[in-house]
Structures are given as structure tokens and as C-alpha cells.
Amino acid sequence: MPTEINVITLNCWGLKYLATLRNERLAEIGKRIANASPVPQIVGLQECWTQQDYQAIRAATKHILPHGKFYHSGIFGESSMFRYPLNGRPTAFFRGDWFVGKGVACARICFGPELKDVVEVFTTHLHAPYETEPHDSYICHRTAQAWEIAKLMRGAAERGHLVLGLGDFNMIPLSLAHRLISTHAPVRDAWRLLHPDSSIGAAIDSVEKARHRPIPTADYNILENGATCDSVLNTWRWSKDQQKRLGPNRPTITIPGDRPDPKAKRLDYIFASTGANPSDPKKGGWIISTAKVGMMERHPVFQCSLSDHFSVEATLVHSSNVKVAASKSEDEDNAVHNGVYLQSPAGSEIVLDGVAHQLNNNAPEFLPIQTYDEILAMIHKYQRRERHQRRFRLGNFATSFVICIGCLIAVWWSPRNFVSFLLMLLSSLGLGLGVIDGLIGGLFVGSEIRALKEFEWEICNAREAAGGEAHSLFQEGVQDW
């Protein structure tokens, strides 16, 4: 069994046709992973869209990562990924969340000889926020997605396996989605566990302003707040004029670490369980030893950041190995007294305290009742919106059909050929748009209403299990209209 497990997660920003210098950047990402220290055993990448980029990364890392898988996602067709029931809208084609078919890439990795020596890895990319909470129109989607991945991680932990949840969760610490995952899955946010006083949003966000902290510097955001997105150190967040100054054979632009960094925030996470068996505490479990922000070095030729996100990198160590190291230092007390070694300031005791703190999971099993009520109110609000959308789009389809018939009839009395052409064009375009609206209203919105009903039912159950009174469903049946 390994003494430690090193993990990396990174949003590569590898969107085909859209991401600048995609091939060059992702090839370099593969080289950085291959030369990472410590050597990673588990790497989860998001937005690595093309086989070409995937194969380039695999070729660079196969000597340290012998196994890998490219998960084929998309709204059409089947995939081994777990697909989120709620995931954007087809009408927002310019955003793309719905079309890429977001979900959870799941993998099981054996790391030891025993049956339970398995780590289940869940890599995901939640729906992007396009407004700040609570005004984000997709907050219901992202909350439902957080609920789904929490269920997957909880199931893996109940099987007695070590659990890792990696990815770009598009949420800030202690947000609703973050609290759902941390409470309903027996996992810990690696960064917040080691940095409990780290920021809970960008310095310009209202939740962080309420803490009355000074504007952090770029270095402080990296070292203490774990900011992976919107950092002033990331060249893809610079203005277009600044970006044009980068490139081959151009002077290097250096950003000082003490520059104020008010927009940086943490959106990328590593969640980990302990893998401990409550019935056999002597076996111990996995603790988070270190966590850091990585992949900050720029491309050696183009001088740009490797992605619009930085990576999160963490090391898990088994508590049995930590205890052995501590007992060994106790055996060497005589050597310390004799001056053979310099005495450290009670380092082993700090480590032991950290082990006990991480293995003793005293986190509440449920959220406050008010939080479940907040989620239910959010679901009901979104249900009303979707029923309105369904009526509107099916009404558009019916109207376009009537207009189409009217135009075809009008052709019979058309005085000139060009008028007939215009009537036929209006008929065809109108019917085409109406059919699209009809398909969206009849198929997509209908499936979304049913997914919302399932989500509502599960939240009601969790609310009742948390000690709340039985919460009657907003509507027992599914009201399509």
C-alpha cells in the first residue's frame, strides 16, 4: 500500500475552436504533470475536449500515470459518465453547458492488497455561474448537481472506499452547493481543512466583504486563500492590450506578489474522505498532509498562463505512517539531548493533533432546516419559471403552425411571384422556429420539470430526516402547465 497519494486537479481550458493556443498549452500541461513534484498518482482534468490534446498529455505522462481514460461527454449519445439530470438550457447555445452534457467522470483505483483498498475518484465540472448568487439564474442547476455528486461520494464511502472528489465546482467556499457536499457526503474540503480562515469568495463579493478583511495580495490569495481563478497572476485575466505584449522573444512581464488582487477566488476543489472504518478505528485512515495551488508557471515560449485556472494539488498520507514517524522521533530523544540533532518545536505533537482532528469527523449529519427550506423555495421558483416557459414555447409552436397554414392559403391569391416567395419563406422559417420551440417546450422542459420533482422529493426527505416536520410536496403530481 502506498505511504501517500498525490492528487492534482486542473481545468485545462481546452475548448475546441474557442480556447487560444489550446494545443500548445495542453501539451505543456502534460509536461508539467510529468515533472511535478511530488509525483502525482491521480490527476483529474476538466475541459480537455479533444482526443488530440488528451493523447498529447497521455504521451507525456504515461511513464508516471500508466492508466488513463478520456470520458466522452455530450448531450446526445451514451457515455460511461454519470450525466446530471439538470444541466443548463438548449436555448443558451452561446454558453454551451447543456450541449457538452456535463456530468461526473467516475473511476475506481485499487491501491492495496485488501478488498477495501480502493479509491473512488469523481471528477466533475459544475454549471458555470453567469451572475452572482442569489441572482444566478442557474443556481438551481448547480445546487442539484452538487446534490448528485454528494450522493455518489456518499455511496462510495458507505462501501468502505476512500473517496476523492475533484474538479471545477464553480462555487465559492461555504456557498449553498459547498455546504451540501460537505454535509451530505463524508468528505472534507482539503484546502479549507488546512486553511480554515481562508476567504469565502473574492474580496469584492458581499460575503467576503462582510468579514471586513483587507484586500488580499496576489501572494496571499495563492498561499492562504487557495485562489485558482481570476487571479492577477493569470495572464488570461489581463486586458487584451496586456496580453498582446506577451509572446515569443518578447520581454517577460512580471506581476509583483504584493499587488492587490480583489477578484481572485477559489472555484477548484479536492474533496477527500478518510477511508476510515468506524468499527475498527485502530486501522486509521487517510489524512490531508498538504494542499497548494499549482500550474502557475507560464508557457516557456508564449509566456501565457497554461490555463485560465490554476491547479489544486494535495497529498494524502495514511495516519499509520504519521504515527510511525512520530514514535520514531520519540525514540531519538536521547540523540536530541546529546546534540546529534537539532530539536524542532514539538513538530510531531502538532502532526498528531492534526491526525486526531481529521479522523474524528464531528461534522453535523444534516444542514439546518432553514437551509432545506431555502432549497425548496428555490426549486418552487424555478418550477414556476419552467411551466411558464413550456406554455410560452408550445404556444409559439401552435401560432407558427397557424401562420404557416395562413401563408400557404394566401399564396393562392398572391398577385405576384415575389409575394408568393415571401409568403413561402415566412411560412417555412416560421414553422421551423415553431417546431424548435415545440421540441424544447414538449421534450426538454418536460424532462426538466420531472428532474426538479425528483430533486424536490429528495430534499424533502433530507429535511424530514434532519428533524423537520414532514414537508408536503409542492405538488404531488407533475404539473406540466
# chains A, B, ... in the order shown; residues from 1 in each chain; ligands from 1
$ select_by_dssp --residues "region 201-259 of chain A" --states "helix (DSSP H, G or I)" --output "NGL selection string"
:A and (206-209 or 218-223 or 235-237 or 240-243)
$ closest_atom_pairs --of "region 351-455 of chain A" --to "region 147-168 of chain A" --cutoff "12 Å" --atoms "only C-alpha atoms" --output "CSV"
residue,atom,partner,partner_atom,distance
A:Glu365,CA,A:Arg154,CA,11.7
A:Tyr372,CA,A:Trp147,CA,11.9
A:Ile375,CA,A:Trp147,CA,11.0
A:Ala451,CA,A:Glu148,CA,11.5
A:Glu454,CA,A:Glu148,CA,11.2
A:Phe455,CA,A:Trp147,CA,8.5
$ write_last_selection --atoms "N, CA, C and O atoms" --output "tab-separated table (two decimals), in the first residue's frame"
chain	number	residue	atom	x	y	z
A	365	GLU	N	-24.55	15.90	10.56
A	365	GLU	CA	-25.02	15.00	9.51
A	365	GLU	C	-25.99	15.68	8.56
A	365	GLU	O	-26.15	15.26	7.41
A	372	TYR	N	-32.73	23.72	4.06
A	372	TYR	CA	-33.57	22.89	3.19
A	372	TYR	C	-34.79	23.68	2.69
A	372	TYR	O	-35.20	23.54	1.54
A	375	ILE	N	-33.66	25.76	-0.16
A	375	ILE	CA	-33.53	24.98	-1.40
A	375	ILE	C	-34.90	24.70	-2.00
A	375	ILE	O	-35.10	24.81	-3.22
A	451	ALA	N	-37.18	16.23	-13.50
A	451	ALA	CA	-35.94	16.21	-12.72
A	451	ALA	C	-36.06	17.10	-11.49
A	451	ALA	O	-35.56	16.76	-10.41
A	454	GLU	N	-37.97	15.23	-8.83
A	454	GLU	CA	-37.14	14.25	-8.13
A	454	GLU	C	-36.24	14.95	-7.10
A	454	GLU	O	-36.08	14.47	-5.97
A	455	PHE	N	-35.65	16.06	-7.51
A	455	PHE	CA	-34.78	16.81	-6.61
A	455	PHE	C	-35.57	17.30	-5.40
A	455	PHE	O	-35.12	17.19	-4.25
$ select_by_dssp --residues "region 13-188 of chain A" --states "strand (DSSP E)" --output "mmCIF file with N, CA, C and O atoms, in the first residue's frame"
data_model
loop_
_atom_site.group_PDB
_atom_site.id
_atom_site.type_symbol
_atom_site.label_atom_id
_atom_site.label_comp_id
_atom_site.auth_asym_id
_atom_site.auth_seq_id
_atom_site.Cartn_x
_atom_site.Cartn_y
_atom_site.Cartn_z
ATOM 1 N N TRP A 13 -8.991 24.482 -19.731
ATOM 2 C CA TRP A 13 -9.473 25.450 -20.727
ATOM 3 C C TRP A 13 -9.060 24.979 -22.124
ATOM 4 O O TRP A 13 -8.340 25.640 -22.843
ATOM 5 N N GLY A 14 -9.585 23.812 -22.492
ATOM 6 C CA GLY A 14 -9.241 23.230 -23.784
ATOM 7 C C GLY A 14 -10.410 23.207 -24.742
ATOM 8 O O GLY A 14 -10.588 22.238 -25.481
ATOM 9 N N ILE A 42 -2.839 10.449 -9.004
ATOM 10 C CA ILE A 42 -4.199 10.665 -9.514
ATOM 11 C C ILE A 42 -4.290 12.079 -10.051
ATOM 12 O O ILE A 42 -3.976 13.042 -9.339
ATOM 13 N N VAL A 43 -4.729 12.219 -11.305
ATOM 14 C CA VAL A 43 -4.875 13.526 -11.939
ATOM 15 C C VAL A 43 -6.259 13.592 -12.573
ATOM 16 O O VAL A 43 -6.645 12.699 -13.343
ATOM 17 N N GLY A 44 -7.008 14.630 -12.248
ATOM 18 C CA GLY A 44 -8.316 14.852 -12.857
ATOM 19 C C GLY A 44 -8.297 16.150 -13.636
ATOM 20 O O GLY A 44 -8.002 17.218 -13.070
ATOM 21 N N LEU A 45 -8.576 16.080 -14.936
ATOM 22 C CA LEU A 45 -8.555 17.254 -15.803
ATOM 23 C C LEU A 45 -9.955 17.537 -16.325
ATOM 24 O O LEU A 45 -10.679 16.612 -16.699
ATOM 25 N N GLN A 46 -10.307 18.798 -16.370
ATOM 26 C CA GLN A 46 -11.579 19.218 -16.950
ATOM 27 C C GLN A 46 -11.298 20.070 -18.185
ATOM 28 O O GLN A 46 -10.258 20.687 -18.301
ATOM 29 N N GLU A 47 -12.276 20.093 -19.087
ATOM 30 C CA GLU A 47 -12.199 20.854 -20.339
ATOM 31 C C GLU A 47 -11.021 20.421 -21.210
ATOM 32 O O GLU A 47 -10.445 21.234 -21.934
ATOM 33 N N CYS A 48 -10.670 19.163 -21.152
ATOM 34 C CA CYS A 48 -9.751 18.575 -22.129
ATOM 35 C C CYS A 48 -10.649 17.919 -23.174
ATOM 36 O O CYS A 48 -10.999 16.748 -23.056
ATOM 37 N N PHE A 82 -21.597 9.715 -15.371
ATOM 38 C CA PHE A 82 -22.913 9.957 -14.776
ATOM 39 C C PHE A 82 -23.372 11.330 -15.225
ATOM 40 O O PHE A 82 -22.712 12.330 -14.955
ATOM 41 N N ARG A 83 -24.475 11.398 -15.949
ATOM 42 C CA ARG A 83 -24.941 12.664 -16.504
ATOM 43 C C ARG A 83 -25.880 13.353 -15.522
ATOM 44 O O ARG A 83 -26.783 12.726 -14.959
ATOM 45 N N GLY A 103 -21.380 16.132 -16.430
ATOM 46 C CA GLY A 103 -21.690 15.041 -15.515
ATOM 47 C C GLY A 103 -20.496 14.754 -14.627
ATOM 48 O O GLY A 103 -19.649 15.619 -14.380
ATOM 49 N N VAL A 104 -20.408 13.513 -14.166
ATOM 50 C CA VAL A 104 -19.338 13.093 -13.256
ATOM 51 C C VAL A 104 -18.584 11.936 -13.894
ATOM 52 O O VAL A 104 -19.179 10.910 -14.247
ATOM 53 N N ALA A 105 -17.278 12.089 -14.053
ATOM 54 C CA ALA A 105 -16.421 11.001 -14.520
ATOM 55 C C ALA A 105 -16.007 10.181 -13.305
ATOM 56 O O ALA A 105 -15.424 10.714 -12.362
ATOM 57 N N CYS A 106 -16.332 8.907 -13.316
ATOM 58 C CA CYS A 106 -16.121 8.037 -12.146
ATOM 59 C C CYS A 106 -15.066 6.981 -12.465
ATOM 60 O O CYS A 106 -15.046 6.418 -13.564
ATOM 61 N N ALA A 107 -14.201 6.709 -11.497
ATOM 62 C CA ALA A 107 -13.166 5.686 -11.667
ATOM 63 C C ALA A 107 -12.876 5.044 -10.318
ATOM 64 O O ALA A 107 -12.934 5.709 -9.277
ATOM 65 N N ARG A 108 -12.566 3.753 -10.363
ATOM 66 C CA ARG A 108 -12.126 3.028 -9.162
ATOM 67 C C ARG A 108 -10.686 2.581 -9.360
ATOM 68 O O ARG A 108 -10.347 2.007 -10.393
ATOM 69 N N ILE A 109 -9.855 2.830 -8.349
ATOM 70 C CA ILE A 109 -8.440 2.503 -8.430
ATOM 71 C C ILE A 109 -8.055 1.675 -7.209
ATOM 72 O O ILE A 109 -8.270 2.105 -6.068
ATOM 73 N N CYS A 110 -7.496 0.500 -7.431
ATOM 74 C CA CYS A 110 -7.011 -0.338 -6.325
ATOM 75 C C CYS A 110 -5.612 0.129 -5.939
ATOM 76 O O CYS A 110 -4.747 0.284 -6.806
ATOM 77 N N VAL A 118 -9.458 0.548 -2.036
ATOM 78 C CA VAL A 118 -9.929 1.119 -3.298
ATOM 79 C C VAL A 118 -10.195 2.602 -3.080
ATOM 80 O O VAL A 118 -10.780 2.994 -2.068
ATOM 81 N N VAL A 119 -9.765 3.417 -4.018
ATOM 82 C CA VAL A 119 -10.121 4.828 -4.004
ATOM 83 C C VAL A 119 -11.073 5.076 -5.171
ATOM 84 O O VAL A 119 -10.791 4.694 -6.304
ATOM 85 N N GLU A 120 -12.212 5.653 -4.870
ATOM 86 C CA GLU A 120 -13.172 6.009 -5.907
ATOM 87 C C GLU A 120 -13.017 7.502 -6.198
ATOM 88 O O GLU A 120 -13.136 8.340 -5.301
ATOM 89 N N VAL A 121 -12.737 7.803 -7.452
ATOM 90 C CA VAL A 121 -12.449 9.168 -7.878
ATOM 91 C C VAL A 121 -13.626 9.693 -8.689
ATOM 92 O O VAL A 121 -14.097 9.034 -9.620
ATOM 93 N N PHE A 122 -14.088 10.890 -8.332
ATOM 94 C CA PHE A 122 -15.190 11.544 -9.036
ATOM 95 C C PHE A 122 -14.697 12.915 -9.512
ATOM 96 O O PHE A 122 -14.372 13.781 -8.701
ATOM 97 N N THR A 123 -14.628 13.077 -10.816
ATOM 98 C CA THR A 123 -14.181 14.343 -11.399
ATOM 99 C C THR A 123 -15.347 15.005 -12.102
ATOM 100 O O THR A 123 -16.074 14.349 -12.857
ATOM 101 N N THR A 124 -15.519 16.306 -11.866
ATOM 102 C CA THR A 124 -16.691 16.980 -12.418
ATOM 103 C C THR A 124 -16.385 18.433 -12.748
ATOM 104 O O THR A 124 -15.331 18.966 -12.403
ATOM 105 N N HIS A 125 -17.339 19.045 -13.431
ATOM 106 C CA HIS A 125 -17.294 20.474 -13.746
ATOM 107 C C HIS A 125 -18.735 20.964 -13.669
ATOM 108 O O HIS A 125 -19.512 20.734 -14.592
ATOM 109 N N LEU A 162 -11.992 4.735 0.009
ATOM 110 C CA LEU A 162 -11.503 6.108 0.065
ATOM 111 C C LEU A 162 -12.158 6.877 -1.081
ATOM 112 O O LEU A 162 -12.313 6.363 -2.189
ATOM 113 N N VAL A 163 -12.541 8.132 -0.823
ATOM 114 C CA VAL A 163 -13.279 8.918 -1.812
ATOM 115 C C VAL A 163 -12.515 10.201 -2.116
ATOM 116 O O VAL A 163 -12.042 10.891 -1.206
ATOM 117 N N LEU A 164 -12.423 10.511 -3.415
ATOM 118 C CA LEU A 164 -11.849 11.774 -3.859
ATOM 119 C C LEU A 164 -12.825 12.440 -4.822
ATOM 120 O O LEU A 164 -13.294 11.816 -5.779
ATOM 121 N N GLY A 165 -13.152 13.690 -4.566
ATOM 122 C CA GLY A 165 -13.974 14.485 -5.471
ATOM 123 C C GLY A 165 -13.146 15.641 -5.996
ATOM 124 O O GLY A 165 -12.675 16.486 -5.221
ATOM 125 N N LEU A 166 -12.929 15.679 -7.302
ATOM 126 C CA LEU A 166 -12.041 16.668 -7.911
ATOM 127 C C LEU A 166 -12.799 17.483 -8.943
ATOM 128 O O LEU A 166 -13.759 17.013 -9.536
ATOM 129 N N GLY A 167 -12.334 18.713 -9.165
ATOM 130 C CA GLY A 167 -12.875 19.431 -10.302
ATOM 131 C C GLY A 167 -13.085 20.911 -10.084
ATOM 132 O O GLY A 167 -12.803 21.472 -9.026
ATOM 133 N N ASP A 168 -13.607 21.504 -11.151
ATOM 134 C CA ASP A 168 -14.019 22.905 -11.138
ATOM 135 C C ASP A 168 -15.493 22.921 -10.735
ATOM 136 O O ASP A 168 -16.367 22.674 -11.561
ATOM 137 N N ARG A 188 -14.107 16.026 3.074
ATOM 138 C CA ARG A 188 -13.641 17.312 3.588
ATOM 139 C C ARG A 188 -13.012 18.102 2.456
ATOM 140 O O ARG A 188 -12.332 17.528 1.592
#
$ closest_residue --among "A:Leu439, A:Leu15, A:Ala210, A:Leu376" --to "Gly96 (chain A)" --atoms "only C-alpha atoms"
A:Leu15
$ atom_distance --atom1 "CA of Asn277 (chain A)" --atom2 "CA of Pro2 (chain A)"
18.1 Å
$ closest_residue --among "A:Ser198, A:Thr254, A:Gln243, A:Asn362" --to "Glu297 (chain A)" --atoms "only C-alpha atoms"
A:Thr254
$ closest_residue --among "A:Lys292, A:His141, A:Arg390, A:His357" --to "Glu313 (chain A)" --atoms "only C-alpha atoms"
A:Lys292
$ residues_around --residues "Ala19 (chain A)" --least-positions-apart "2" --cutoff "12 Å" --atoms "only C-alpha atoms" --output "ChimeraX atom specification"
/A:12-17,21-26,47-50,236,306-308
$ closest_residue --among "A:Pro256, A:Ala272, A:Thr217, A:Gly434" --to "Phe397 (chain A)" --atoms "only C-alpha atoms"
A:Gly434
$ closest_residue --among "A:Ile215, A:Phe271, A:Met378, A:Ser447" --to "His135 (chain A)" --atoms "only C-alpha atoms"
A:Met378
$ closest_residue --among "A:Val419, A:His380, A:Asp437, A:Arg450" --to "Ser400 (chain A)" --atoms "only C-alpha atoms"
A:Asp437
$ atom_distance --atom1 "CA of Ser305 (chain A)" --atom2 "CA of Asn234 (chain A)"
5.8 Å
